[in-house]
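See below for the structure under consideration.
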Amino acid sequence: MGSHLAEYLLASGHRVDVIDDLSGGKKENVPKEATFFFARCQDWMPYERDYDFCYHLASTVGVSRVTDDPTKTILNIVDSTRKVLALGCKGIYFSTSEVYGKNTGVLDETSDCLISPKARWNYAAAKLCGEWMALQAGWKVVRLFNVIGPRQNLLYGAVFPNFISQAIENKPITVYGDGKQVRTFIDVRDCVEILDMLRDREFDVVNVGGLMKMTVLQLAEAIRMAVNSESEIRFVDYPMGSGFEECRRRVADLNKLYSLIGRFKYRSFEDTVSICQPNLTT
């Protein structure tokens, strides 16, 4: 996500600095035109550089990493946010649809966030804390719903790139649970365009998502068809066991987003799949 946003901003004539410890990405994805600082946000010093605007995407990536060390996840998110906010500029804090937790209703920005003290929800709790910190500093908050596209890392369990990789190699496409979990997806290219439009809009918190609404099983079937794969679809148990709490339905209400940017023409699912096939990372 960050590399796509950096590319878009550079193409628009902005100077871009990227701060990343590469724990969830690769150096070659950072645009050469950007100034790169290899560091964790909480350890990084700005060296007297002045910024007009900041996009704070830094976080812990991957369900297993989040559940294996909940305390580290929380401290990483909170400490990095505190350091970035100390820059004193305006910015957008990247939150997540995970903050809505087990709420399966119509998810608008006023919906309740139903989470529990279980390790499964420490990421959501930390992101909510980051939202509060960002809003207190006068920043804006975007809650992203399943951003998909090129360069997604296969190592952290994201369903979209893993399904594509399995389908391309004609391996079984592994669907956790019964596959009836409902999600919406948005192409990363659409997402960065929307974020650029939101930079100068006035708001506090807004959902950012797309119109690709389907069950996980439908996603697997659509990817298999799009890449002309012979893969079987195989249902498997959650790796964290039967106690893992999965949200059955997570669909964004986008009315507030459209009130800010107007109606938006999204790319098609087929377009997203076609550009992703040769652009996965490990």
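Each chain of the structure tokens is named A, B, ... in the order shown, its residues numbered from 1; ligands are numbered from 1 in display order.
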
Practice task
Skip Pro150 in chain A itself and residues of its chain fewer than 3 positions away, then list as an MDAnalysis selection string all residues within 12 Å of it, counting only C-alpha atoms.
Solution key: chainID A and resid 1:4 29 147 153:154 160:161 164:165 187:189 271:281

Practice task
Apply DSSP to the structure's backbone, then extract all residues of range 36-245 of chain A labelled alpha helix (DSSP H) and return them as a PyMOL selection string.
Solution key: chain A and resi 63-68+70-85+122-136+159-168+188-198+216-226

Exercise for the section: Can you pull out every residue within 10 Å of Phe264 in chain A, counting only C-alpha atoms, but drop anything in the same chain fewer than 5 positions away, and send it as a ChimeraX atom specification? Expected result: /A:190,193-194,210,257-258

Handout entry: DSSP-assigned strand (DSSP E) among range 54-133 of chain A, expressed as a ChimeraX atom specification
Key = /A:54-56,90-96

Problem - CA of Ser80 in chain A to CA of Lys140 in chain A, distance in Å rounded to a single decimal - result: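 Atom-to-atom, CA of Ser80 in chain A to CA of Lys140 in chain A, that is 16.5 Å.
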
Problem - Closest of A:Ser59, A:Gln218, A:Ser95, A:Thr73 to Leu128 in chain A - atom-to-atom distances counting only C-alpha atoms - result: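 The closest residue to Leu128 in chain A is A:Ser95.
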
Which residues are near Gln181 in chain A? Cut-off 10 Å, only C-alpha atoms, ignore same chain within fewer than 2 positions. Put them as a compact mmCIF listing (two decimals) with C-alpha atoms, in the first residue's frame.
```
# COMPACT_ATOMS: atom_id res chain seq x y z
CA TYR A 176 -10.81 -21.19 6.09
CA GLY A 177 -14.04 -22.21 7.79
CA ASP A 178 -17.10 -22.58 5.58
CA GLY A 179 -16.17 -19.75 3.20
CA ARG A 183 -16.09 -9.07 2.69
CA MET A 214 -18.55 -11.35 -2.03
CA THR A 215 -18.08 -14.32 0.25
CA VAL A 216 -14.61 -15.76 0.64
CA LEU A 217 -15.77 -18.84 -1.28
CA GLN A 218 -17.06 -16.65 -4.13
CA GLU A 246 -13.91 -14.61 12.77
CA CYS A 247 -16.30 -11.85 11.76
CA ARG A 248 -19.00 -13.33 9.53
CA ARG A 249 -19.85 -10.14 7.66
CA ARG A 250 -17.87 -6.93 7.26
```

For Gln136 in chain A, list every protein, DNA or RNA residue within 12 Å, evaluated using only C-alpha atoms, and leave out those in the same chain fewer than 4 positions away; present the list as a PDB file with N, CA and C atoms, in the first residue's frame.
```pdb
ATOM      1  N   THR A  81       2.797   5.699  16.531  1.00  0.00           N
ATOM      2  CA  THR A  81       1.834   6.786  16.315  1.00  0.00           C
ATOM      3  C   THR A  81       2.202   8.014  17.124  1.00  0.00           C
ATOM      4  N   ARG A  82       2.602   7.805  18.366  1.00  0.00           N
ATOM      5  CA  ARG A  82       3.005   8.933  19.209  1.00  0.00           C
ATOM      6  C   ARG A  82       4.181   9.681  18.602  1.00  0.00           C
ATOM      7  N   LEU A  85       3.065  11.625  15.329  1.00  0.00           N
ATOM      8  CA  LEU A  85       2.250  12.804  15.638  1.00  0.00           C
ATOM      9  C   LEU A  85       3.097  13.956  16.167  1.00  0.00           C
ATOM     10  N   LYS A  90       0.040  18.245   9.589  1.00  0.00           N
ATOM     11  CA  LYS A  90      -1.254  17.620   9.360  1.00  0.00           C
ATOM     12  C   LYS A  90      -1.035  16.216   8.803  1.00  0.00           C
ATOM     13  N   TYR A  93      -4.257   9.252   9.473  1.00  0.00           N
ATOM     14  CA  TYR A  93      -3.924   8.025  10.179  1.00  0.00           C
ATOM     15  C   TYR A  93      -4.678   6.869   9.531  1.00  0.00           C
ATOM     16  N   CYS A 129      -6.934   2.926  19.664  1.00  0.00           N
ATOM     17  CA  CYS A 129      -6.145   3.851  20.477  1.00  0.00           C
ATOM     18  C   CYS A 129      -5.416   4.841  19.577  1.00  0.00           C
ATOM     19  N   GLY A 130      -4.855   4.342  18.465  1.00  0.00           N
ATOM     20  CA  GLY A 130      -4.197   5.227  17.508  1.00  0.00           C
ATOM     21  C   GLY A 130      -5.147   6.240  16.911  1.00  0.00           C
ATOM     22  N   GLU A 131      -6.374   5.814  16.631  1.00  0.00           N
ATOM     23  CA  GLU A 131      -7.388   6.746  16.120  1.00  0.00           C
ATOM     24  C   GLU A 131      -7.608   7.887  17.103  1.00  0.00           C
ATOM     25  N   TRP A 132      -7.776   7.543  18.366  1.00  0.00           N
ATOM     26  CA  TRP A 132      -8.021   8.561  19.379  1.00  0.00           C
ATOM     27  C   TRP A 132      -6.854   9.545  19.445  1.00  0.00           C
ATOM     28  N   LYS A 140      -6.786  13.352  10.524  1.00  0.00           N
ATOM     29  CA  LYS A 140      -7.958  12.650   9.997  1.00  0.00           C
ATOM     30  C   LYS A 140      -7.689  11.154  10.003  1.00  0.00           C
ATOM     31  N   VAL A 141      -8.774  10.366  10.053  1.00  0.00           N
ATOM     32  CA  VAL A 141      -8.656   8.914  10.163  1.00  0.00           C
ATOM     33  C   VAL A 141      -9.415   8.247   9.026  1.00  0.00           C
ATOM     34  N   ASP A 204     -13.510  13.754  10.137  1.00  0.00           N
ATOM     35  CA  ASP A 204     -12.796  13.154  11.265  1.00  0.00           C
ATOM     36  C   ASP A 204     -12.429  11.703  10.947  1.00  0.00           C
TER      37      ASP A 204
END
```

Any chance you could tabulate, as CSV, the residues of range 35-102 of chain A at most 12 Å from range 197-202 of chain A with each one's nearest atom pair and distance in Å to one decimal, using only C-alpha atoms, in chain and rising number order?
```
residue,atom,partner,partner_atom,distance
A:Asp52,CA,A:Arg199,CA,11.2
A:Phe53,CA,A:Arg199,CA,8.7
A:Cys54,CA,A:Arg199,CA,9.9
A:Tyr55,CA,A:Arg199,CA,9.6
A:Lys90,CA,A:Arg199,CA,9.5
A:Gly91,CA,A:Arg199,CA,8.0
A:Ile92,CA,A:Arg199,CA,7.6
A:Tyr93,CA,A:Arg199,CA,11.2
```

Practice task
Using only C-alpha atoms, pick whichever of A:Ala220, A:Val206, A:Leu195, A:Leu144 has the shortest atom-to-atom distance to Lys180 in chain A.
Solution key: A:Ala220
